[in-house]
Every structure is written in C-alpha cells, then in structure tokens.
file my_file.txt (compact mmCIF, C-alpha atoms (C1' of nucleotides))
# COMPACT_ATOMS: atom_id res chain seq x y z
CA MET V 253 2.66 36.51 -14.13
CA GLU V 254 0.95 33.83 -12.17
CA CYS V 255 -2.53 32.87 -13.05
CA LYS V 256 -4.95 31.32 -10.62
CA LYS V 257 -4.75 27.99 -12.31
CA THR V 258 -1.06 27.73 -11.57
CA ASN V 259 -1.47 28.06 -7.82
CA PHE V 260 -4.42 25.77 -8.01
CA GLY V 261 -2.25 23.07 -9.49
CA GLN V 262 0.68 23.79 -7.24
CA GLU V 263 -1.41 23.42 -4.14
CA HIS V 264 -2.70 20.12 -5.37
CA LYS V 265 0.81 18.84 -6.00
CA LYS V 266 1.62 19.49 -2.35
CA GLU V 267 -1.42 17.58 -1.26
CA MET V 268 -0.49 14.69 -3.47
CA ARG V 269 2.99 14.57 -2.04
CA ALA V 270 1.55 14.54 1.46
CA VAL V 271 -0.80 11.73 0.66
CA GLN V 272 2.04 9.79 -0.92
CA ASP V 273 4.16 10.33 2.18
CA SER V 274 1.40 8.70 4.17
CA MET V 275 1.08 5.80 1.81
CA ASP V 276 4.83 5.24 1.79
CA VAL V 277 4.57 4.57 5.49
CA LEU V 278 1.28 2.69 5.57
CA SER V 279 1.17 0.82 2.28
CA GLY V 280 1.68 -2.89 2.04
CA LYS V 281 -0.04 -5.91 3.39
CA TRP V 282 0.82 -5.79 7.08
CA LYS V 283 1.51 -2.31 8.48
CA ILE V 284 -2.07 -1.32 9.16
CA PRO V 285 -3.07 -4.69 10.63
CA ILE V 286 -0.03 -4.52 12.93
CA ILE V 287 -0.87 -1.02 14.10
CA SER V 288 -4.47 -2.04 14.49
CA SER V 289 -3.52 -5.01 16.63
CA ILE V 290 -1.26 -3.02 18.93
CA CYS V 291 -3.73 -0.16 19.17
CA TYR V 292 -6.60 -2.47 20.00
CA TYR V 293 -4.83 -4.12 22.89
CA ASN V 294 -2.84 -1.06 23.89
CA LYS V 295 0.27 -3.15 24.58
CA ARG V 296 1.02 -6.29 22.63
CA ARG V 297 3.86 -8.79 22.55
CA PHE V 298 5.57 -10.08 19.42
CA SER V 299 4.01 -13.54 19.56
CA ASP V 300 0.59 -12.10 20.30
CA ILE V 301 0.68 -9.92 17.21
CA LEU V 302 1.87 -12.95 15.27
CA ASN V 303 -1.29 -14.74 16.37
CA ASP V 304 -3.57 -11.77 15.86
CA ILE V 305 -2.72 -11.43 12.22
CA ASP V 306 -3.68 -14.28 9.99
CA GLY V 307 -0.98 -15.39 7.61
CA ILE V 308 1.91 -13.18 8.64
CA SER V 309 5.33 -14.77 9.08
CA ASN V 310 7.76 -13.91 11.84
CA ARG V 311 10.15 -12.60 9.25
CA MET V 312 7.65 -10.07 7.95
CA LEU V 313 6.42 -9.12 11.40
CA SER V 314 9.96 -8.45 12.52
CA LYS V 315 10.72 -6.43 9.43
CA GLU V 316 7.56 -4.36 9.58
CA LEU V 317 7.86 -3.65 13.29
CA LYS V 318 11.33 -2.30 12.66
CA GLU V 319 10.09 0.07 9.98
CA LEU V 320 7.23 1.24 12.14
CA GLU V 321 9.68 1.92 14.93
CA ILE V 322 11.95 3.89 12.60
CA ASN V 323 8.92 5.94 11.59
CA GLN V 324 8.24 6.56 15.27
CA LEU V 325 4.82 5.02 15.19
CA ILE V 326 5.53 2.35 17.77
CA LYS V 327 7.75 1.96 20.79
CA ARG V 328 9.58 -1.26 21.62
CA THR V 329 10.13 -2.35 25.21
CA VAL V 330 12.16 -5.37 26.28
CA LEU V 331 10.88 -7.01 29.43
CA GLU V 332 13.49 -8.85 31.47
CA THR V 333 11.48 -12.01 31.86
CA GLN V 334 12.84 -15.49 31.30
CA PRO V 335 12.96 -15.87 28.36
CA ILE V 336 12.69 -12.24 27.44
CA THR V 337 9.50 -10.85 26.03
CA VAL V 338 9.09 -7.71 23.98
CA GLU V 339 6.18 -5.36 24.22
CA TYR V 340 5.07 -2.96 21.53
CA GLN V 341 2.83 0.04 21.91
CA LEU V 342 1.88 3.04 19.85
CA THR V 343 3.66 6.33 20.33
CA ASP V 344 1.66 9.54 20.54
CA HIS V 345 2.38 9.99 16.87
CA GLY V 346 1.20 6.48 16.11
CA LEU V 347 -2.01 7.13 17.98
CA THR V 348 -2.86 9.91 15.55
CA LEU V 349 -3.51 7.16 13.00
CA ARG V 350 -6.64 6.03 14.82
CA THR V 351 -8.92 8.27 12.81
CA ILE V 352 -7.51 6.95 9.54
CA ILE V 353 -7.79 3.36 10.69
CA ASN V 354 -11.36 3.88 11.76
CA ASN V 355 -12.18 5.45 8.43
CA LEU V 356 -10.48 2.65 6.55
CA THR V 357 -12.41 0.11 8.60
CA GLU V 358 -15.74 1.71 7.80
CA TRP V 359 -14.84 2.17 4.19
CA GLY V 360 -13.70 -1.44 3.87
CA ILE V 361 -17.05 -2.66 5.16
CA ASP V 362 -18.87 -0.33 2.83
CA HIS V 363 -16.71 -1.30 -0.12
CA ARG V 364 -17.39 -4.98 0.41
CA LYS V 365 -21.09 -4.26 0.32
CA VAL V 366 -20.71 -2.39 -2.95
CA ILE V 367 -18.56 -5.02 -4.61
CA VAL V 368 -19.86 -8.29 -3.25
CA GLY V 369 -23.33 -6.96 -2.66
CA LYS V 370 -23.54 -8.01 0.93
CA PRO V 371 -21.42 -8.09 4.07
CA LEU V 372 -20.03 -11.41 5.24
CA MET E 26 -20.71 -19.43 27.83
CA GLU E 27 -19.07 -16.67 26.03
CA CYS E 28 -16.76 -14.41 27.83
CA LYS E 29 -16.31 -10.81 26.88
CA LYS E 30 -12.79 -11.36 25.72
CA THR E 31 -13.88 -13.77 23.00
CA ASN E 32 -16.24 -11.32 21.36
CA PHE E 33 -13.67 -8.67 21.89
CA GLY E 34 -11.17 -10.56 19.77
CA GLN E 35 -13.72 -11.69 17.21
CA GLU E 36 -14.88 -8.17 16.66
CA HIS E 37 -11.34 -7.05 16.14
CA LYS E 38 -10.69 -9.71 13.52
CA LYS E 39 -13.60 -8.35 11.52
CA GLU E 40 -12.22 -4.85 11.77
CA MET E 41 -8.83 -6.04 10.59
CA ARG E 42 -10.33 -7.78 7.61
CA ALA E 43 -12.22 -4.61 6.72
CA VAL E 44 -9.12 -2.50 6.95
CA GLN E 45 -7.23 -4.99 4.82
CA ASP E 46 -9.99 -4.91 2.23
CA SER E 47 -9.48 -1.18 2.00
CA MET E 48 -5.76 -1.47 1.68
CA ASP E 49 -6.06 -4.13 -1.00
CA VAL E 50 -7.83 -1.55 -3.11
CA LEU E 51 -5.83 1.52 -2.18
CA SER E 52 -2.32 0.24 -1.58
CA GLY E 53 0.50 0.85 -3.98
CA LYS E 54 2.24 3.83 -5.38
CA TRP E 55 -0.38 5.30 -7.71
CA LYS E 56 -3.99 4.56 -6.78
CA ILE E 57 -4.46 7.38 -4.29
CA PRO E 58 -2.68 9.98 -6.42
CA ILE E 59 -4.87 9.00 -9.37
CA ILE E 60 -8.06 9.26 -7.34
CA SER E 61 -6.83 12.50 -5.89
CA SER E 62 -6.17 13.93 -9.33
CA ILE E 63 -9.56 12.98 -10.72
CA CYS E 64 -11.35 14.13 -7.60
CA TYR E 65 -9.58 17.48 -7.59
CA TYR E 66 -10.54 18.32 -11.14
CA ASN E 67 -13.85 16.49 -11.05
CA LYS E 68 -13.36 15.18 -14.57
CA ARG E 69 -9.95 14.39 -15.96
CA ARG E 70 -8.59 12.98 -19.19
CA PHE E 71 -5.98 10.24 -19.46
CA SER E 72 -3.18 12.52 -20.61
CA ASP E 73 -4.03 15.11 -17.97
CA ILE E 74 -3.72 12.58 -15.19
CA LEU E 75 -0.47 11.46 -16.76
CA ASN E 76 0.80 15.02 -16.41
CA ASP E 77 -0.63 15.57 -12.93
CA ILE E 78 1.24 12.68 -11.43
CA ASP E 79 4.97 12.98 -11.40
CA GLY E 80 6.79 9.87 -12.56
CA ILE E 81 3.92 7.63 -13.57
CA SER E 82 4.15 5.82 -16.90
CA ASN E 83 1.27 5.36 -19.31
CA ARG E 84 1.50 1.65 -18.74
CA MET E 85 0.94 1.98 -15.00
CA LEU E 86 -1.75 4.61 -15.38
CA SER E 87 -3.66 2.41 -17.77
CA LYS E 88 -3.33 -0.59 -15.49
CA GLU E 89 -4.35 1.27 -12.35
CA LEU E 90 -7.31 2.98 -13.99
CA LYS E 91 -8.57 -0.41 -15.06
CA GLU E 92 -8.38 -1.74 -11.51
CA LEU E 93 -10.09 1.32 -10.11
CA GLU E 94 -12.85 0.90 -12.63
CA ILE E 95 -13.27 -2.77 -11.71
CA ASN E 96 -13.58 -1.69 -8.10
CA GLN E 97 -16.24 0.79 -9.15
CA LEU E 98 -14.37 3.80 -7.88
CA ILE E 99 -14.16 5.57 -11.21
CA LYS E 100 -16.24 5.77 -14.35
CA ARG E 101 -14.74 5.82 -17.84
CA THR E 102 -16.33 7.84 -20.62
CA VAL E 103 -15.17 7.85 -24.23
CA LEU E 104 -15.70 11.14 -26.00
CA GLU E 105 -16.15 10.91 -29.73
CA THR E 106 -13.66 13.61 -30.56
CA GLN E 107 -10.99 13.29 -33.22
CA PRO E 108 -8.85 11.65 -32.06
CA ILE E 109 -10.91 10.20 -29.26
CA THR E 110 -10.40 11.37 -25.70
CA VAL E 111 -11.35 9.53 -22.55
CA GLU E 112 -12.67 11.17 -19.44
CA TYR E 113 -12.52 9.70 -15.98
CA GLN E 114 -14.55 10.72 -12.97
CA LEU E 115 -15.28 9.32 -9.56
CA THR E 116 -18.39 7.27 -8.97
CA ASP E 117 -20.51 7.96 -5.90
CA HIS E 118 -18.67 5.14 -4.24
CA GLY E 119 -15.33 6.63 -5.22
CA LEU E 120 -16.37 9.94 -3.77
CA THR E 121 -16.75 8.34 -0.35
CA LEU E 122 -12.95 8.16 -0.29
CA ARG E 123 -12.64 11.90 0.10
CA THR E 124 -12.61 11.77 3.88
CA ILE E 125 -9.83 9.20 3.87
CA ILE E 126 -7.79 11.15 1.35
CA ASN E 127 -8.17 14.33 3.36
CA ASN E 128 -7.10 12.53 6.50
CA LEU E 129 -4.14 10.98 4.74
CA THR E 130 -3.14 14.39 3.44
CA GLU E 131 -3.19 15.95 6.87
CA TRP E 132 -1.44 13.02 8.42
CA GLY E 133 1.25 13.04 5.74
CA ILE E 134 2.03 16.67 6.46
CA ASP E 135 2.09 15.98 10.18
CA HIS E 136 4.26 12.91 9.74
CA ARG E 137 6.83 14.79 7.70
CA LYS E 138 7.11 17.30 10.52
CA VAL E 139 7.62 14.56 13.06
CA ILE E 140 10.24 12.72 11.03
CA VAL E 141 12.32 15.36 9.27
CA GLY E 142 11.29 18.35 11.35
CA LYS E 143 12.66 17.13 14.61
CA PRO E 144 15.95 18.33 16.08
CA LEU E 145 18.73 15.77 15.82
C1' DC R 185 10.29 -15.87 23.12
C1' DA R 186 11.91 -12.78 19.73
C1' DG R 187 14.14 -12.52 16.03
C1' DG R 188 18.02 -13.23 12.20
C1' DA R 189 19.82 -15.73 7.99
C1' DT R 190 18.93 -17.79 3.75
C1' DC R 191 16.69 -18.84 -0.28
C1' DC R 192 13.03 -18.43 -3.30
C1' DT R 193 8.75 -16.73 -5.93
C1' DA R 194 5.48 -13.39 -7.22
C1' DT R 195 4.30 -9.11 -8.19
C1' DA R 196 5.01 -4.13 -8.61
C1' DC R 197 6.97 -1.06 -11.24
C1' DG R 198 9.82 1.18 -15.08
C1' DA R 199 11.49 2.09 -20.15
C1' DT R 200 10.57 1.93 -24.63
C1' DA R 201 8.30 1.00 -28.80
C1' DC R 202 4.12 0.42 -31.28
C1' DT R 203 -1.10 0.91 -32.88
C1' DG R 204 -6.09 2.38 -34.03
C1' DC H 130 -5.03 10.59 -27.77
C1' DA H 131 -5.38 6.54 -25.25
C1' DG H 132 -3.86 2.94 -24.76
C1' DT H 133 -0.97 -2.36 -25.66
C1' DA H 134 2.98 -5.21 -26.05
C1' DT H 135 7.34 -6.55 -24.56
C1' DC H 136 11.00 -6.73 -21.76
C1' DG H 137 13.67 -5.99 -17.73
C1' DT H 138 14.63 -4.75 -12.68
C1' DA H 139 13.45 -4.09 -7.95
C1' DT H 140 11.06 -5.01 -4.13
C1' DA H 141 7.48 -7.40 -1.40
C1' DG H 142 6.53 -11.24 0.58
C1' DG H 143 6.74 -16.55 1.84
C1' DA H 144 9.04 -20.98 3.74
C1' DT H 145 12.22 -22.87 6.53
C1' DC H 146 15.75 -23.29 9.70
C1' DC H 147 18.82 -21.31 13.29
C1' DT H 148 20.16 -18.87 17.81
C1' DG H 149 20.69 -16.14 22.39

call {"tool": "encode", "arguments": {"input": "my_file.txt", "output": "structure tokens"}}
result
Amino acid sequence: MECKKTNFGQEHKKEMRAVQDSMDVLSGKWKIPIISSICYYNKRRFSDILNDIDGISNRMLSKELKELEINQLIKRTVLETQPITVEYQLTDHGLTLRTIINNLTEWGIDHRKVIVGKPL
Amino acid sequence: MECKKTNFGQEHKKEMRAVQDSMDVLSGKWKIPIISSICYYNKRRFSDILNDIDGISNRMLSKELKELEINQLIKRTVLETQPITVEYQLTDHGLTLRTIINNLTEWGIDHRKVIVGKPL
DNA sequence: CAGGATCCTATACGATACTG
DNA sequence: CAGTATCGTATAGGATCCTG
C-alpha cells in the first residue's frame, strides 16, 4: 500500500542522486574554470589553459584534464608540431554544460552582490 | 589602443571568477543535496534532512548548514517545542538556486546515460 | 611543450561519544 | 532534538624537479 508521500520522497531521492552525479563530475576548484576556458576559446592548448587560470599548477591541470576526458567532456588532440602541442576542445556532451556555466556565472555575480554588497 | 582581444580576455576572467565564486559556495559532497532537500519540502527540520540525505553524518550536516547560513542561502528558526526543534528554509537568495539545481538534475541524468548507457 | 614523479600540507569527510 | 567534541582517514591540492 503505497501512499502519495512515499512516491513523493522516492522521486526526490532520484533527483538528488542526479544532482550528486553532476557534482561528482564538476566539483572541485578547477574543473569548471577549465571547461570555461576551453569553451570560451573553442580550442585551447595546455599552456594556454595554464595561463588562463590563475593559480593552477601543471600537475592539477594535467590531472583534471584527464578526468574530464574520461568523463567525455573534452577531446584531446595531439598536433605533430615541433615540439608537440596538444589541443583540447569540448565534446558535444561537454557543450551541454554551457547553460549550467552561464547560470553559475550569473549566480556568482549575484551572490557577490548579496554577500559583499557590491560587485567588484 | 585597446584591441578587441584584450577586452575579450578580460571579460572572460571576470566570468571565471564569478563561476568560481559560485563553486566555492556550492562545491562539496553535501551542500546541493541539503539545499535540494530543504527546497523540496519548503521547510525542513534538522533530523529530517539527516534522514533525507543518504550517508551524511550529523557533524557534517551541522557544519554545512552553518556555512549555508553564513552565505545567506538558508534561514534557521528555533521552535520552542519540548525538546526544541529547528527548522530550516531557503532565503530569497537561496531560492535563486532553483534554476541551477534543476539544470544540474537534468544534466546528471543525461550524463549518466552518456557514461554508463553507452555500448562498450 | 606537455606532462609525469615525488613529496608535502591542508582540508574534507567519517565514526563515535557526549550534552543541554 | 539538535547539535559539539574528539579523533582518525582519505583525498584535494601545492611546490618542485624531471623528461621525451
């Protein structure tokens, strides 16, 4: 005998799992900035991303890029230059994050206003 | 004279800072689930949230609620019952996260399909 | 240039017990 | 009920140096 409240809760549990799945992939200090950098310039090389993002180390960039690639958000292309360069770009799946990134950008600006009282 | 590319990059740096501001507040394992729980039920007591979220400890819940309150996303109300109960609800500012949470929910479902739902 | 290897610190998080 | 206190582990992240 299922009551309405049960399904209500069940449905919410699914939503929470979904939202946690997203955060598992996007959480942390660098993932979103990296995606944002690549997305903004369409294609971006390792050293360019390193310069785009203030404070990131090559170790972290390397590590994060690998995870993003495993999650099929970015695609890695080795260019046979001398020395070699590597280009990153978003996959179709990665591009679906644009809405979220735009929302997070707007919300971040708004949040700063609320907390600090004024934008910088 | 300023070239377009300069403003281009400058503008992007601002966007990245905004997006990082958001992630500073929302990153981690529990913040979004907590907000989601409170938002879903409108008002929610400490022990209810504890039950809503699978795996969270009272220590973490307490800590995270405090941070969310500092960031003015939730409002804490002590009810003079016996023993006392405490109700949490989203502030107006906290409510502005609904769009992001909805997007993250949809994206999480989509992402799971892409990652585990693909043929090997 | 693009990263890997190594070492280290800080913080996130978890388990359990206790209190007003 | 709604937390705190204490302790312990795991992981995130940083600094530096090395290599094809």

call {"tool": "interface_residues", "arguments": {"input": "my_file.txt", "of": "chain E", "to": "chain R", "cutoff": "10 Å", "atoms": "only C-alpha atoms (C1' of nucleotides)", "output": "list in words"}}
result
Gly53, Lys54, Gly80, Ile81, Ser82, Arg84, Met85 and Pro108 of chain E

call {"tool": "calpha_fit_rmsd", "arguments": {"input": "my_file.txt", "fixed": "chain V", "moving": "chain E"}}
result
2.0 Å

call {"tool": "closest_atom_pairs", "arguments": {"input": "my_file.txt", "of": "chain H", "to": "chain V", "cutoff": "10 Å", "atoms": "only C-alpha atoms (C1' of nucleotides)", "output": "CSV"}}
result
residue,atom,partner,partner_atom,distance
H:DA141,C1',V:Gly280,CA,8.1
H:DG142,C1',V:Met312,CA,7.5
H:DG143,C1',V:Ser309,CA,7.6
H:DA144,C1',V:Ser309,CA,9.0
H:DG149,C1',V:Pro335,CA,9.8

call {"tool": "residues_around", "arguments": {"input": "my_file.txt", "residues": "E:Ile57", "least_positions_apart": "3", "cutoff": "10 Å", "atoms": "all atoms listed in the file", "output": "JSON, numbers by chain"}}
result
{"V": [268, 271, 272, 275], "E": [50, 51, 52, 53, 54, 60, 61, 62, 63, 122, 125, 126, 129]}

call {"tool": "closest_atom_pairs", "arguments": {"input": "my_file.txt", "of": "chain E", "to": "chain V", "cutoff": "10 Å", "atoms": "only C-alpha atoms", "output": "CSV"}}
result
residue,atom,partner,partner_atom,distance
E:Phe33,CA,V:Tyr292,CA,9.6
E:Gly34,CA,V:Asp304,CA,8.6
E:His37,CA,V:Tyr292,CA,7.6
E:Lys38,CA,V:Asp304,CA,7.8
E:Lys39,CA,V:Thr357,CA,9.0
E:Glu40,CA,V:Thr357,CA,5.9
E:Met41,CA,V:Pro285,CA,5.9
E:Arg42,CA,V:Gly360,CA,8.1
E:Ala43,CA,V:Gly360,CA,4.5
E:Val44,CA,V:Thr357,CA,4.5
E:Gln45,CA,V:Pro285,CA,7.2
E:Asp46,CA,V:Gly360,CA,5.3
E:Ser47,CA,V:Gly360,CA,4.6
E:Met48,CA,V:Ser279,CA,7.3
E:Asp49,CA,V:Lys281,CA,7.7
E:Val50,CA,V:Gly360,CA,9.1
E:Leu51,CA,V:Ser279,CA,8.3
E:Ser52,CA,V:Ser279,CA,5.2
E:Gly53,CA,V:Ser279,CA,6.3
E:Lys54,CA,V:Gln272,CA,7.4
E:Trp55,CA,V:Gln272,CA,8.5
E:Lys56,CA,V:Gln272,CA,9.9
E:Ile57,CA,V:Val271,CA,7.5
E:Pro58,CA,V:Met268,CA,6.0
E:Ile59,CA,V:Met268,CA,9.3
E:Ser61,CA,V:Met268,CA,7.1
E:Ser62,CA,V:His264,CA,8.1
E:Tyr65,CA,V:His264,CA,7.7
E:Tyr66,CA,V:Gly261,CA,9.7
E:Asp77,CA,V:Lys265,CA,7.8
E:Ile78,CA,V:Lys265,CA,8.2
E:Asp79,CA,V:Lys265,CA,9.0
E:Ile95,CA,V:Ile367,CA,9.1
E:Asn96,CA,V:Ile367,CA,6.9
E:Gln97,CA,V:Ile367,CA,7.7
E:Leu98,CA,V:His363,CA,9.6
E:His118,CA,V:His363,CA,7.9
E:Gly119,CA,V:His363,CA,9.5
E:Thr121,CA,V:Trp359,CA,7.9
E:Leu122,CA,V:Trp359,CA,7.7
E:Thr124,CA,V:Asn355,CA,7.8
E:Ile125,CA,V:Asn355,CA,6.4
E:Ile126,CA,V:Val271,CA,7.0
E:Asn127,CA,V:Val271,CA,8.3
E:Asn128,CA,V:Ile352,CA,6.4
E:Leu129,CA,V:Val271,CA,5.3
E:Thr130,CA,V:Val271,CA,4.5
E:Glu131,CA,V:Ala270,CA,7.3
E:Trp132,CA,V:Ser274,CA,6.7
E:Gly133,CA,V:Ala270,CA,4.5
E:Ile134,CA,V:Ala270,CA,5.5
E:Asp135,CA,V:Ala270,CA,8.9
E:His136,CA,V:Ser274,CA,7.5
E:Arg137,CA,V:Asp273,CA,7.6
E:Val139,CA,V:His345,CA,7.9
E:Ile140,CA,V:Asn323,CA,6.9

call {"tool": "closest_residue", "arguments": {"input": "my_file.txt", "among": "V:Gly369, V:Lys295, V:Glu316, V:Asn259", "to": "V:Tyr340", "atoms": "all atoms listed in the file"}}
result
V:Lys295

call {"tool": "axis_aligned_box", "arguments": {"input": "my_file.txt", "around": "stretch 312-320 of chain V", "padding_each_side": "3 Å", "output": "AutoDock Vina command-line options"}}
result
--center_x 8.9 --center_y -4.4 --center_z 10.6 --size_x 10.9 --size_y 17.3 --size_z 11.3

call {"tool": "atom_distance", "arguments": {"input": "my_file.txt", "atom1": "atom C1' of H:DA139", "atom2": "atom CA of E:Ile74"}}
result
25.0 Å

call {"tool": "atom_distance", "arguments": {"input": "my_file.txt", "atom1": "atom CA of V:Thr343", "atom2": "atom CA of V:Thr329"}}
result
11.9 Å

call {"tool": "atom_distance", "arguments": {"input": "my_file.txt", "atom1": "atom CA of E:Lys88", "atom2": "atom CA of E:Asn67"}}
result
20.5 Å

call {"tool": "build_atoms", "arguments": {"input": "my_file.txt", "residues": "stretch 346-357 of chain V", "atoms": "all heavy atoms", "output": "PDB file, in the frame of the given file"}}
result
ATOM      1  N   GLY V 346       1.908   7.637  16.643  1.00  0.00           N
ATOM      2  CA  GLY V 346       1.200   6.480  16.110  1.00  0.00           C
ATOM      3  C   GLY V 346      -0.281   6.523  16.422  1.00  0.00           C
ATOM      4  O   GLY V 346      -1.122   6.104  15.620  1.00  0.00           O
ATOM      5  N   LEU V 347      -0.599   7.046  17.580  1.00  0.00           N
ATOM      6  CA  LEU V 347      -2.010   7.130  17.980  1.00  0.00           C
ATOM      7  C   LEU V 347      -2.816   8.063  17.087  1.00  0.00           C
ATOM      8  O   LEU V 347      -4.031   7.909  16.976  1.00  0.00           O
ATOM      9  CB  LEU V 347      -2.102   7.598  19.440  1.00  0.00           C
ATOM     10  CG  LEU V 347      -1.801   6.516  20.483  1.00  0.00           C
ATOM     11  CD1 LEU V 347      -1.671   7.119  21.869  1.00  0.00           C
ATOM     12  CD2 LEU V 347      -2.892   5.444  20.473  1.00  0.00           C
ATOM     13  N   THR V 348      -2.130   8.991  16.441  1.00  0.00           N
ATOM     14  CA  THR V 348      -2.860   9.910  15.550  1.00  0.00           C
ATOM     15  C   THR V 348      -3.392   9.186  14.318  1.00  0.00           C
ATOM     16  O   THR V 348      -4.120   9.768  13.527  1.00  0.00           O
ATOM     17  CB  THR V 348      -1.968  11.079  15.087  1.00  0.00           C
ATOM     18  OG1 THR V 348      -0.872  10.575  14.317  1.00  0.00           O
ATOM     19  CG2 THR V 348      -1.427  11.858  16.270  1.00  0.00           C
ATOM     20  N   LEU V 349      -3.011   7.926  14.142  1.00  0.00           N
ATOM     21  CA  LEU V 349      -3.510   7.160  13.000  1.00  0.00           C
ATOM     22  C   LEU V 349      -4.893   6.571  13.250  1.00  0.00           C
ATOM     23  O   LEU V 349      -5.514   6.027  12.337  1.00  0.00           O
ATOM     24  CB  LEU V 349      -2.543   6.026  12.674  1.00  0.00           C
ATOM     25  CG  LEU V 349      -1.287   6.433  11.919  1.00  0.00           C
ATOM     26  CD1 LEU V 349      -0.304   5.285  11.878  1.00  0.00           C
ATOM     27  CD2 LEU V 349      -1.663   6.852  10.498  1.00  0.00           C
ATOM     28  N   ARG V 350      -5.369   6.680  14.489  1.00  0.00           N
ATOM     29  CA  ARG V 350      -6.640   6.030  14.820  1.00  0.00           C
ATOM     30  C   ARG V 350      -7.789   6.474  13.930  1.00  0.00           C
ATOM     31  O   ARG V 350      -8.599   5.656  13.485  1.00  0.00           O
ATOM     32  CB  ARG V 350      -6.997   6.279  16.291  1.00  0.00           C
ATOM     33  CG  ARG V 350      -6.550   5.124  17.165  1.00  0.00           C
ATOM     34  CD  ARG V 350      -6.985   5.356  18.580  1.00  0.00           C
ATOM     35  NE  ARG V 350      -6.502   6.673  19.057  1.00  0.00           N
ATOM     36  CZ  ARG V 350      -6.543   7.059  20.320  1.00  0.00           C
ATOM     37  NH1 ARG V 350      -7.014   6.238  21.237  1.00  0.00           N
ATOM     38  NH2 ARG V 350      -6.107   8.244  20.688  1.00  0.00           N
ATOM     39  N   THR V 351      -7.843   7.763  13.674  1.00  0.00           N
ATOM     40  CA  THR V 351      -8.920   8.270  12.810  1.00  0.00           C
ATOM     41  C   THR V 351      -8.877   7.604  11.443  1.00  0.00           C
ATOM     42  O   THR V 351      -9.900   7.129  10.927  1.00  0.00           O
ATOM     43  CB  THR V 351      -8.776   9.796  12.610  1.00  0.00           C
ATOM     44  OG1 THR V 351      -8.701  10.414  13.892  1.00  0.00           O
ATOM     45  CG2 THR V 351      -9.956  10.347  11.842  1.00  0.00           C
ATOM     46  N   ILE V 352      -7.674   7.565  10.863  1.00  0.00           N
ATOM     47  CA  ILE V 352      -7.510   6.950   9.540  1.00  0.00           C
ATOM     48  C   ILE V 352      -7.903   5.483   9.567  1.00  0.00           C
ATOM     49  O   ILE V 352      -8.601   4.996   8.679  1.00  0.00           O
ATOM     50  CB  ILE V 352      -6.062   7.132   9.046  1.00  0.00           C
ATOM     51  CG1 ILE V 352      -5.835   8.593   8.664  1.00  0.00           C
ATOM     52  CG2 ILE V 352      -5.775   6.213   7.876  1.00  0.00           C
ATOM     53  CD1 ILE V 352      -4.415   8.931   8.288  1.00  0.00           C
ATOM     54  N   ILE V 353      -7.464   4.778  10.599  1.00  0.00           N
ATOM     55  CA  ILE V 353      -7.790   3.360  10.690  1.00  0.00           C
ATOM     56  C   ILE V 353      -9.290   3.150  10.838  1.00  0.00           C
ATOM     57  O   ILE V 353      -9.871   2.259  10.208  1.00  0.00           O
ATOM     58  CB  ILE V 353      -7.009   2.697  11.839  1.00  0.00           C
ATOM     59  CG1 ILE V 353      -5.525   2.645  11.460  1.00  0.00           C
ATOM     60  CG2 ILE V 353      -7.541   1.309  12.146  1.00  0.00           C
ATOM     61  CD1 ILE V 353      -4.662   1.890  12.420  1.00  0.00           C
ATOM     62  N   ASN V 354      -9.906   3.981  11.635  1.00  0.00           N
ATOM     63  CA  ASN V 354     -11.360   3.880  11.760  1.00  0.00           C
ATOM     64  C   ASN V 354     -12.058   4.149  10.437  1.00  0.00           C
ATOM     65  O   ASN V 354     -12.995   3.441  10.060  1.00  0.00           O
ATOM     66  CB  ASN V 354     -11.873   4.868  12.819  1.00  0.00           C
ATOM     67  CG  ASN V 354     -11.505   4.422  14.218  1.00  0.00           C
ATOM     68  OD1 ASN V 354     -11.254   3.246  14.463  1.00  0.00           O
ATOM     69  ND2 ASN V 354     -11.454   5.364  15.150  1.00  0.00           N
ATOM     70  N   ASN V 355     -11.594   5.150   9.731  1.00  0.00           N
ATOM     71  CA  ASN V 355     -12.180   5.450   8.430  1.00  0.00           C
ATOM     72  C   ASN V 355     -11.977   4.312   7.443  1.00  0.00           C
ATOM     73  O   ASN V 355     -12.888   3.956   6.694  1.00  0.00           O
ATOM     74  CB  ASN V 355     -11.555   6.719   7.843  1.00  0.00           C
ATOM     75  CG  ASN V 355     -12.031   7.961   8.563  1.00  0.00           C
ATOM     76  OD1 ASN V 355     -13.078   7.946   9.201  1.00  0.00           O
ATOM     77  ND2 ASN V 355     -11.261   9.025   8.473  1.00  0.00           N
ATOM     78  N   LEU V 356     -10.772   3.759   7.455  1.00  0.00           N
ATOM     79  CA  LEU V 356     -10.480   2.650   6.550  1.00  0.00           C
ATOM     80  C   LEU V 356     -11.319   1.431   6.904  1.00  0.00           C
ATOM     81  O   LEU V 356     -11.728   0.668   6.027  1.00  0.00           O
ATOM     82  CB  LEU V 356      -8.989   2.286   6.611  1.00  0.00           C
ATOM     83  CG  LEU V 356      -8.037   3.247   5.904  1.00  0.00           C
ATOM     84  CD1 LEU V 356      -6.596   2.884   6.215  1.00  0.00           C
ATOM     85  CD2 LEU V 356      -8.274   3.230   4.399  1.00  0.00           C
ATOM     86  N   THR V 357     -11.573   1.224   8.170  1.00  0.00           N
ATOM     87  CA  THR V 357     -12.410   0.110   8.600  1.00  0.00           C
ATOM     88  C   THR V 357     -13.832   0.277   8.065  1.00  0.00           C
ATOM     89  O   THR V 357     -14.390  -0.625   7.435  1.00  0.00           O
ATOM     90  CB  THR V 357     -12.458   0.025  10.132  1.00  0.00           C
ATOM     91  OG1 THR V 357     -11.131  -0.099  10.635  1.00  0.00           O
ATOM     92  CG2 THR V 357     -13.287  -1.163  10.583  1.00  0.00           C
TER      93      THR V 357
END
